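A quick write-up on the structure given underneath.
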Protein chains: 2
Amino acid sequence: MNQHADIARDAVRPKSKFRPPAVHQVRVGGFFGPRIDTVATVTAHTLLDRCIEAGMLDQIDPDRPNPGIRIPFQNNSTVSTQMFWDSDFGKSIETAAYALFRKPDPALEARVDAVIEAYARLQDENGYLNSWYQRIQPGKRWTNLRDCHELYDAGHLIEGAVAYYHATGKRRLMDIMARYADHIIDVFGTGEGEIPGYCGHPEVELALVRLGRATGEQRYLDLAKFFVDQRGRAPHYFDREAEKRGEGPKDYYFGSHEYTQSHEPVRDQRRVVGHAVRAAYLYSGMADVSTEFGDETLQPALRSLWEHLTDKNLYVTGGFGPSHFNEGLTFDYDLPNETAYAETCAAVSLVFWASRMLGPGPDRAYADVMERALYNGALAGLSLDGTTFFYENPLESRGGHHRWRWHRCPCCPPNIARLVASVGTYIYGEAENEIAVHLYCESIAELEAAGIKVRIAQETRYPADGAVRLTVDLASPAEFALHLRLPGWSPGVSVHVNREPVDLAAGTANGYLTLRRVWAAGDVVELDIDMPVERLRAHPKVGADQGRVALQRGPLVYCLEEADNGAFLNSVVLRPGSAFRCEPAEDLGGAVALVAEASREAADAGGPLYRTEAPSRAAATILAVPYYAWDNRAPGEMLVWIRQEEGA
Amino acid sequence: MNQHADIARDAVRPKSKFRPPAVHQVRVGGFFGPRIDTVATVTAHTLLDRCIEAGMLDQIDPDRPNPGIRIPFQNNSTVSTQMFWDSDFGKSIETAAYALFRKPDPALEARVDAVIEAYARLQDENGYLNSWYQRIQPGKRWTNLRDCHELYDAGHLIEGAVAYYHATGKRRLMDIMARYADHIIDVFGTGEGEIPGYCGHPEVELALVRLGRATGEQRYLDLAKFFVDQRGRAPHYFDREAEKRGEGPKDYYFGSHEYTQSHEPVRDQRRVVGHAVRAAYLYSGMADVSTEFGDETLQPALRSLWEHLTDKNLYVTGGFGPSHFNEGLTFDYDLPNETAYAETCAAVSLVFWASRMLGPGPDRAYADVMERALYNGALAGLSLDGTTFFYENPLESRGGHHRWRWHRCPCCPPNIARLVASVGTYIYGEAENEIAVHLYCESIAELEAAGIKVRIAQETRYPADGAVRLTVDLASPAEFALHLRLPGWSPGVSVHVNREPVDLAAGTANGYLTLRRVWAAGDVVELDIDMPVERLRAHPKVGADQGRVALQRGPLVYCLEEADNGAFLNSVVLRPGSAFRCEPAEDLGGAVALVAEASREAADAGGPLYRTEAPSRAAATILAVPYYAWDNRAPGEMLVWIRQEEGA
């Protein structure tokens with residue numbers, strides 16, 4: 001356990017009922033253990049390698065020659081992804097921090113320290129810190145909050161700084177960012193000469209809440225709330241800002257302030273629109289502010305937005321945002337499979353948002369989605385060996401979609417990396433006298449309830465199967481409530497406490513079973529979560545999925561790959577009656593593969609484009625693998641929504 | 001018949017074996033008759049109305065106040081659709097010309113004359129004529145051939161001028177355009193001080209061939225050949241032109257010269273790439289040049305391009321070009337239904353290209369596609385009442401896709417209008433001693449073969465049924481070959497001449513039956529073209545169409561509409577065994593509708609996004625209407641590729 005454990009508790013106890021444990025409090029094994037190890041030993045280094053290869057250190061280090069504009073402007077020449085290099089470093093530092101929680105790595109720590117030193121030398125006298133504006137476009141700071149990711153950069157550096165402090169005890173970057181935050185407080189506001197604006201890409205809001213919690217300083221929470229409250233107010237800050245730049249409304253590449261979710265004040269918003277990651281980061285910040293300030297006025301929007309997204313706009317993989325053009329939402333039930341954008345960052349951000357929606361209390365509506373996004377749409381973003389990354393996450397491929405070594409806009413790699421490396425923090429929730437178990441994964445958690453330390457050890461092979469054994473350990477008996485999520489996808493869960501069956505009907509609310517009792521050391525809770533293979537159908541408004549099913553077992557969504565089934569996956573036809581059996585996929589780390597008898601239509605590359613003859617059919621065995629594991633073997637087709645004929 | 005019939009023959013007899021008859025030679029009734037009447041009485045006026053509403057007359061008339069830039073620049077600020085207002089007038093004039101062939105209309109003629117007078121006053125001393133460059137961006141002529149449609153404008157004005165001359169005998173616009181063409185001959189070339197370039201949007205090539213044929217002047221044909229030969233040569237003209245404008249290759253919005261099919265010399269091209277309409281206009285120009293110059297070196301490219309498009313990239317409706325971004329091609333078998341761009345102009349241009357591929361001789365490979373595009377993807381572009389127009393032609397709609405009153409880029413309305421109004425010219429082909437019948441439609445054609453006039457009267461209800469009766473009339477008996485297309489979609493055709501059965505096997509080549517005999521007045525040829533309802537399947541690489549069928553009967557492709565079948569068309573499941581019966585659709589002008597018993601899955605707007613229960617099914621009667629007729633009634637869903645379950 002990290003020697004800085006004592007100082008790693010958030011200095012300010014938020015007013016929410018539940019908050020996630022700190023990363024170091026949860027030692028994760030089982031399904032996620034090896035993935036965390038890979039991030040810690042490989043990916044954390046790879047991220048820094050790629051950042052430095054891209055020239056980022058040259059930009060942030062004022063003692064190095066100015067690299068100039070390396071990445072051309074896009075979107076009507078308003079934005080270069082080089083503007084958010086600071087955020088790539090921020091997330092990479094955060095990933096490194098979680099890696100250091102996992103295992104000591106002096107070399108990694110030294111690399112991060114070097115980056116931090118460069119930032120220290122870069123920071124302006126007045127506290128301002130942004131490598132793009134200080135070195136590439138001096139004189140332009142604060143002139144385009146709408147497009148240029150200025151505060152977004154600050155947010156990710158803040159998150160990296162807080163995580164690094166918790167992991168190493170080193171305050172340097174956090175102090176730098178606190179100084180910068182103090183400068184932002186000076187510069188922004190509704191008073192004379194102050195900027196009444198907010199960032200076009202939300203992020204700094206949730207980051208400031210982390211900074212506030214870590215430092216104990218209320219003013220950072222106040223600043224977060226300021227940004228949330230200002231967003232979308234009339235007169236519109238982005239319009240005035242554009243005018244000052246000599247631009248008119250028609251010059252805005254994205255056309256509408258929906259892109260940045262600033263089309264109206266956040267409390268009035270009811271539909272998820274615009275850029276997907278901006279949206280979920282904003283809602284995460286709103287949920288954090290609602291939590292910190294006990295501000296109920298944000299809840300109606302948050303709940304409506306949640307429902308709008310999850311009821312009508314969510315891919316079965318937990319990804320969202322079908323459109324390449326705005327990297328986001330289009331219209332309800334628009335869920336194309338092959339062209340799905342479903343950015344990795346979007347699924348990651350959905351985990352963040354869902355986790356914060358659990359603040360008021362455990363509710364399966366949020367945790368089920370958090371799990372769906374985590375195990376599928378987000379996790380797919382990282383290759384099994386931790387070295388390559390998906391940006392888009394389609395639900396169908398003809399064979400040409402593969403992970404990247406890096407990307408001109410490298411937001412996704414460090415995002416999925418930091419999520420995986422910190423996954424333990426999403427497993428549990430701690431409140432005054434309550435502990436919530438949101439996810440099941442082999443782990444040992446050092447928590448606190450009823451004023452005392454409580455250790456919970458989960459033993460489970462989840463998601464390979466649904467048997468979970470939780471052992472509670474505490475110095476002396478204490479009463480608290482243990483809430484256990486009963487996954488919505490499971491047809492049935494049985495629970496025993498110390499071998500006595502528990503009546504679920506009595507103690508279940510919002511999809512969680514509450515066990516309120518006096519717990520003693522050695523108490524054992526056993527869950528048996530029924531985990532059949534399910535065939536999911538899509539709402540009839542998702543036209544292209546009609547006549548098709550998506551396979552799910554437990555939290556995992558499955559897909560067919562060419563590597564197992566040959567080409568022409570759309571010629572596979574499942575039979576409703578066929579049973580699936582589980583087999584370990586040795587070439588995918590022993591993940592559970594699903595095998596069944598199906599039919600296949602004859603198919604080959606030749607032949608006319610249109611023909612009148614029906615293809616012949618033959619019986620065939622098909623094998624499906626978890627979606628998160630696709631594209632880790634020979635390149636080829638992939639398909640989530642598989643044809644099934646009811647009458648077959 | 002138009003009094004100018006004598007002068008309406010092309011003054012130069014091209015070297016091709018076959019050429020289409022002039023528009024006035026064919027009086028069309030039957031299926032297309034009423035559509036032509038609507039264009040003549042309604043659409044021809046509507047087009048001029050819309051052009052003038054948009055401000056086009058203000059731009060072209062130098063005596064009117066300069067309207068300035070009315071339509072903003074797009075595509076990285078390189079292009080405004082206002083740059084091709086001349087082409088909109090050109091095509092509208094052409095449509096009016098064909099309308100005047102159909103029936104006298106002094107008011108229409110006067111409107112066109114007024115536009116022509118404005119152009120006369122606008123034309124530069126040296127012959128240059130382009131309203132955008134003369135009035136909106138003076139000093140910039142010939143500086144951006146790649147993007148700004150400069151010669152494209154000339155091409156459509158030329159086509160309008162030639163058609164108007166043929167229709168009215170008035171030479172004014174044709175003389176104006178000939179003067180402009182002479183100026184272009186001066187300006188362009190490979191000599192010192194000359195421009196070795198060509199237009200980014202092909203069109204002028206095929207137009208110059210029309211001008212050459214109409215005036216008898218070889219130099220216009222030479223200019224057409226020059227443009228075809230120069231295209232794509234190294235060093236690349238567009239790159240040098242961009243350099244002169246101070247731009248680099250990375251500034252090109254579309255990234256690659258494939259967009260303009262100038263990525264390599266045309267004779268080397270084998271794959272259809274880039275913008276769809278540019279492509280088909282270019283290939284039409286290439287086919288015309290090949291014809292006029294007996295230039296066989298263009299044939300390998302033309303044949304390969306044709307195969308590439310029709311074997312791997314054609315929608316079942318005869319549309320092509322799936323992508324909104326480049327309004328064109330992407331990759332083989334990319335044929336998404338709901339997002340299909342399939343611009344009306346693309347299907348129209350495919351009719352143009354196919355018609356020109358028939359120059360060497362009748363070949364069903366070309367005529368079948370010409371028919372498919374004409375009756376489906378092109379014709380859908382015009383509402384039944386002739387007042388509204390489709391730009392994109394998807395094969396599926398959720399209910400939000402409707403025809404436009406007009407469009408900021410109004411290329412499609414006058415394109416489909418001029419095609420419909422001139423459809424007679426596509427029905428037949430005339431050669432020295434041969435007449436080809438490519439399409440079947442009630443009509444009376446005044447043709448020529450073996451040096452004498454031959455009248456062919458087609459009596460038929462096609463496409464309502466496949467019985468066609470052709471009566472041949474000529475002053476005295478003469479020997480010539482009559483080639484009759486046997487549509488590829490028909491399982492069987494029987495032919496009788498003067499009630500005697502004809503042995504098809506003996507006389508059929510390339511899908512045409514050749515009847516070479518001495519024809520006498522009153523000879524009757526009767527065809528019975530079997531026209532069953534076919535269920536088409538798509539190549540297995542078109543993944544989304546697997547498990548679905550498109551209905552076709554004769555040349556018509558069908559679709560389901562919500563107006564007949566209610567919403568949730570993707571919940572309809574056809575049974576392979578169900579027979580379709582034909583019924584007249586009274587609200588669609590008596591078009592043949594197809595009715596069958598099918599199954600429907602229960603579907604409503606509510607319910608979760610994903611569910612495990614299979615929807616229940618019930619029997620239902622479904623009714624399909626011809627695709628060209630969709631969106632003429634209450635707005636709603638539409639679907640071409642309908643689910644069918646083999647085992648049902």
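We name chains A, B, ... following the order of the structure tokens; residues begin at 1 in each chain, and ligands are numbered from 1 as shown.
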
(message) For a quick test of understanding: name the residues of chain A lying within 6 Å of chain B when counting only C-alpha atoms, and present them as an MDAnalysis selection string.
(response) chainID A and resid 311 535:540 543 570 603 609:612 647:648

Item checked: Selection near region 259-262 of chain B, 7 Å with only C-alpha atoms, sequence-local residues under 4 positions removed, as a list in words -> Gly200, His201, Arg231, Gly232, Phe254, Val273, Gly274, His275, Arg278 and Ala279 of chain B

Selection above as a file: C-alpha atoms, as a PDB file, in the first residue's frame:
```pdb
ATOM      1  CA  GLY B 200     -12.590  20.802 -62.319  1.00  0.00           C
ATOM      2  CA  HIS B 201     -16.198  19.915 -63.085  1.00  0.00           C
ATOM      3  CA  ARG B 231      -6.952  16.121 -67.961  1.00  0.00           C
ATOM      4  CA  GLY B 232      -4.675  14.603 -65.359  1.00  0.00           C
ATOM      5  CA  PHE B 254     -11.077  17.539 -51.063  1.00  0.00           C
ATOM      6  CA  VAL B 273     -13.675   7.767 -57.962  1.00  0.00           C
ATOM      7  CA  GLY B 274     -14.539  11.144 -56.557  1.00  0.00           C
ATOM      8  CA  HIS B 275     -17.558  13.306 -57.178  1.00  0.00           C
ATOM      9  CA  ARG B 278     -18.210  15.084 -62.375  1.00  0.00           C
ATOM     10  CA  ALA B 279     -17.325  11.473 -63.087  1.00  0.00           C
TER      11      ALA B 279
END
```

DSSP on the backbone: what in region 112-227 of chain A comes out alpha helix (DSSP H), as a PyMOL selection string? chain A and resi 112-122+131+150-168+172-187+204-215+218-227

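Once Gly127 (chain A) and its same-chain neighbours fewer than 3 positions away are set aside, A:Gln123, A:Asp124, A:Arg179, A:Tyr180, A:His183 remain within 7 Å of it when counting only C-alpha atoms.
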
query: Which residues come within 12 Å of Leu223 (chain A), counting only C-alpha atoms, excluding same-chain residues fewer than 6 positions away, as a list of chain:residue names?
result: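 Skipping anything fewer than 6 positions along the chain leaves A:Leu151, A:Ala178, A:Ala181, A:Asp182, A:His183, A:Ile184, A:Ile185, A:Asp186, A:Val187, A:Phe188, A:Gly189, A:Thr190, A:Pro196, A:Gly197, A:Tyr198, A:Val204, A:Glu205, A:Leu206, A:Ala207, A:Leu208, A:Val209, A:Arg210, A:Leu211, A:Gly212, A:Glu217, A:Asp229, A:Gln230, A:Gly285, A:Val289.
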
With only C-alpha atoms as the counted atoms, please give the residues lying no more than 9 Å from region 45-55 of chain B, apart from itself and same-chain residues fewer than 6 positions off, as a list of chain:residue names.
B:Val39, B:Pro67, B:Arg70, B:Trp85, B:Asp88, B:Phe89, B:Ser92, B:Ile93, B:Thr95, B:Ala96, B:Leu108, B:Arg111, B:Val112, B:Gly386, B:Thr387, B:Arg405, B:Trp406, B:Arg408, B:Pro410, B:Pro413, B:Pro414, B:Ala417

request  = List every residue of region 202-429 of chain B that DSSP, applied to the backbone of this structure, places in strand (DSSP E), and write the result as a PyMOL selection string.
outcome  = chain B and resi 396-397+428-429

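Closest approach to Ser284 (chain B) among B:Glu526, B:Asp268, B:Glu203, B:Glu296 is made by B:Glu203 (distances from only C-alpha atoms).
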
Q) So how many Å separate CA of Ala457 (chain A) and CA of Ala347 (chain A), to one decimal? A)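 About the pair CA of Ala457 (chain A) and CA of Ala347 (chain A): they are 27.8 Å apart.
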
Open item on the list: My list of candidates is A:Pro626, A:Gly451, A:Pro532, A:Pro202. Which is closest to Val557 (chain A) when distances are computed with only C-alpha atoms?
Closed with: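 Using only C-alpha atoms, the shortest distance to Val557 (chain A) belongs to A:Pro626.
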
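Put simply, CA of Asp288 (chain A) is 11.5 Å away from CA of Phe18 (chain A).
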
Spatial neighbours of Thr38 (chain B), 9 Å, only C-alpha atoms, chain gap at least 4 places, as a PDB file with all heavy atoms, in the first residue's frame:
```pdb
ATOM      1  N   GLY B  33     -45.362  10.380 -71.292  1.00  0.00           N
ATOM      2  CA  GLY B  33     -46.103  11.499 -71.879  1.00  0.00           C
ATOM      3  C   GLY B  33     -46.567  12.514 -70.859  1.00  0.00           C
ATOM      4  O   GLY B  33     -46.228  13.709 -70.957  1.00  0.00           O
ATOM      5  N   PRO B  34     -47.347  12.080 -69.882  1.00  0.00           N
ATOM      6  CA  PRO B  34     -47.844  13.041 -68.891  1.00  0.00           C
ATOM      7  C   PRO B  34     -46.711  13.710 -68.108  1.00  0.00           C
ATOM      8  O   PRO B  34     -46.832  14.879 -67.722  1.00  0.00           O
ATOM      9  CB  PRO B  34     -48.700  12.173 -67.965  1.00  0.00           C
ATOM     10  CG  PRO B  34     -49.024  10.947 -68.751  1.00  0.00           C
ATOM     11  CD  PRO B  34     -47.877  10.729 -69.676  1.00  0.00           C
ATOM     12  N   VAL B  42     -45.544  23.097 -66.402  1.00  0.00           N
ATOM     13  CA  VAL B  42     -45.321  23.569 -65.033  1.00  0.00           C
ATOM     14  C   VAL B  42     -43.841  23.788 -64.743  1.00  0.00           C
ATOM     15  O   VAL B  42     -43.397  24.906 -64.487  1.00  0.00           O
ATOM     16  CB  VAL B  42     -45.900  22.563 -64.008  1.00  0.00           C
ATOM     17  CG1 VAL B  42     -45.602  23.030 -62.587  1.00  0.00           C
ATOM     18  CG2 VAL B  42     -47.397  22.394 -64.222  1.00  0.00           C
ATOM     19  N   THR B  43     -43.065  22.701 -64.816  1.00  0.00           N
ATOM     20  CA  THR B  43     -41.687  22.750 -64.331  1.00  0.00           C
ATOM     21  C   THR B  43     -40.827  23.747 -65.092  1.00  0.00           C
ATOM     22  O   THR B  43     -39.999  24.444 -64.494  1.00  0.00           O
ATOM     23  CB  THR B  43     -41.039  21.352 -64.390  1.00  0.00           C
ATOM     24  OG1 THR B  43     -41.988  20.365 -63.979  1.00  0.00           O
ATOM     25  CG2 THR B  43     -39.798  21.280 -63.531  1.00  0.00           C
ATOM     26  N   ALA B  44     -41.013  23.802 -66.401  1.00  0.00           N
ATOM     27  CA  ALA B  44     -40.180  24.717 -67.179  1.00  0.00           C
ATOM     28  C   ALA B  44     -40.342  26.143 -66.677  1.00  0.00           C
ATOM     29  O   ALA B  44     -39.380  26.910 -66.626  1.00  0.00           O
ATOM     30  CB  ALA B  44     -40.526  24.619 -68.656  1.00  0.00           C
ATOM     31  N   LEU B 384     -44.478  14.251 -58.733  1.00  0.00           N
ATOM     32  CA  LEU B 384     -45.462  13.956 -59.773  1.00  0.00           C
ATOM     33  C   LEU B 384     -46.081  15.240 -60.323  1.00  0.00           C
ATOM     34  O   LEU B 384     -46.425  15.313 -61.506  1.00  0.00           O
ATOM     35  CB  LEU B 384     -46.550  13.027 -59.230  1.00  0.00           C
ATOM     36  CG  LEU B 384     -46.074  11.605 -58.891  1.00  0.00           C
ATOM     37  CD1 LEU B 384     -47.203  10.776 -58.303  1.00  0.00           C
ATOM     38  CD2 LEU B 384     -45.507  10.916 -60.139  1.00  0.00           C
ATOM     39  N   ASP B 385     -46.181  16.256 -59.477  1.00  0.00           N
ATOM     40  CA  ASP B 385     -46.789  17.508 -59.965  1.00  0.00           C
ATOM     41  C   ASP B 385     -45.755  18.469 -60.551  1.00  0.00           C
ATOM     42  O   ASP B 385     -46.083  19.583 -60.921  1.00  0.00           O
ATOM     43  CB  ASP B 385     -47.598  18.197 -58.862  1.00  0.00           C
ATOM     44  CG  ASP B 385     -46.731  18.749 -57.746  1.00  0.00           C
ATOM     45  OD1 ASP B 385     -45.490  18.742 -57.862  1.00  0.00           O
ATOM     46  OD2 ASP B 385     -47.295  19.200 -56.731  1.00  0.00           O
ATOM     47  N   GLY B 386     -44.501  18.028 -60.622  1.00  0.00           N
ATOM     48  CA  GLY B 386     -43.483  18.796 -61.326  1.00  0.00           C
ATOM     49  C   GLY B 386     -42.982  20.039 -60.620  1.00  0.00           C
ATOM     50  O   GLY B 386     -42.310  20.862 -61.242  1.00  0.00           O
TER      51      GLY B 386
END
```
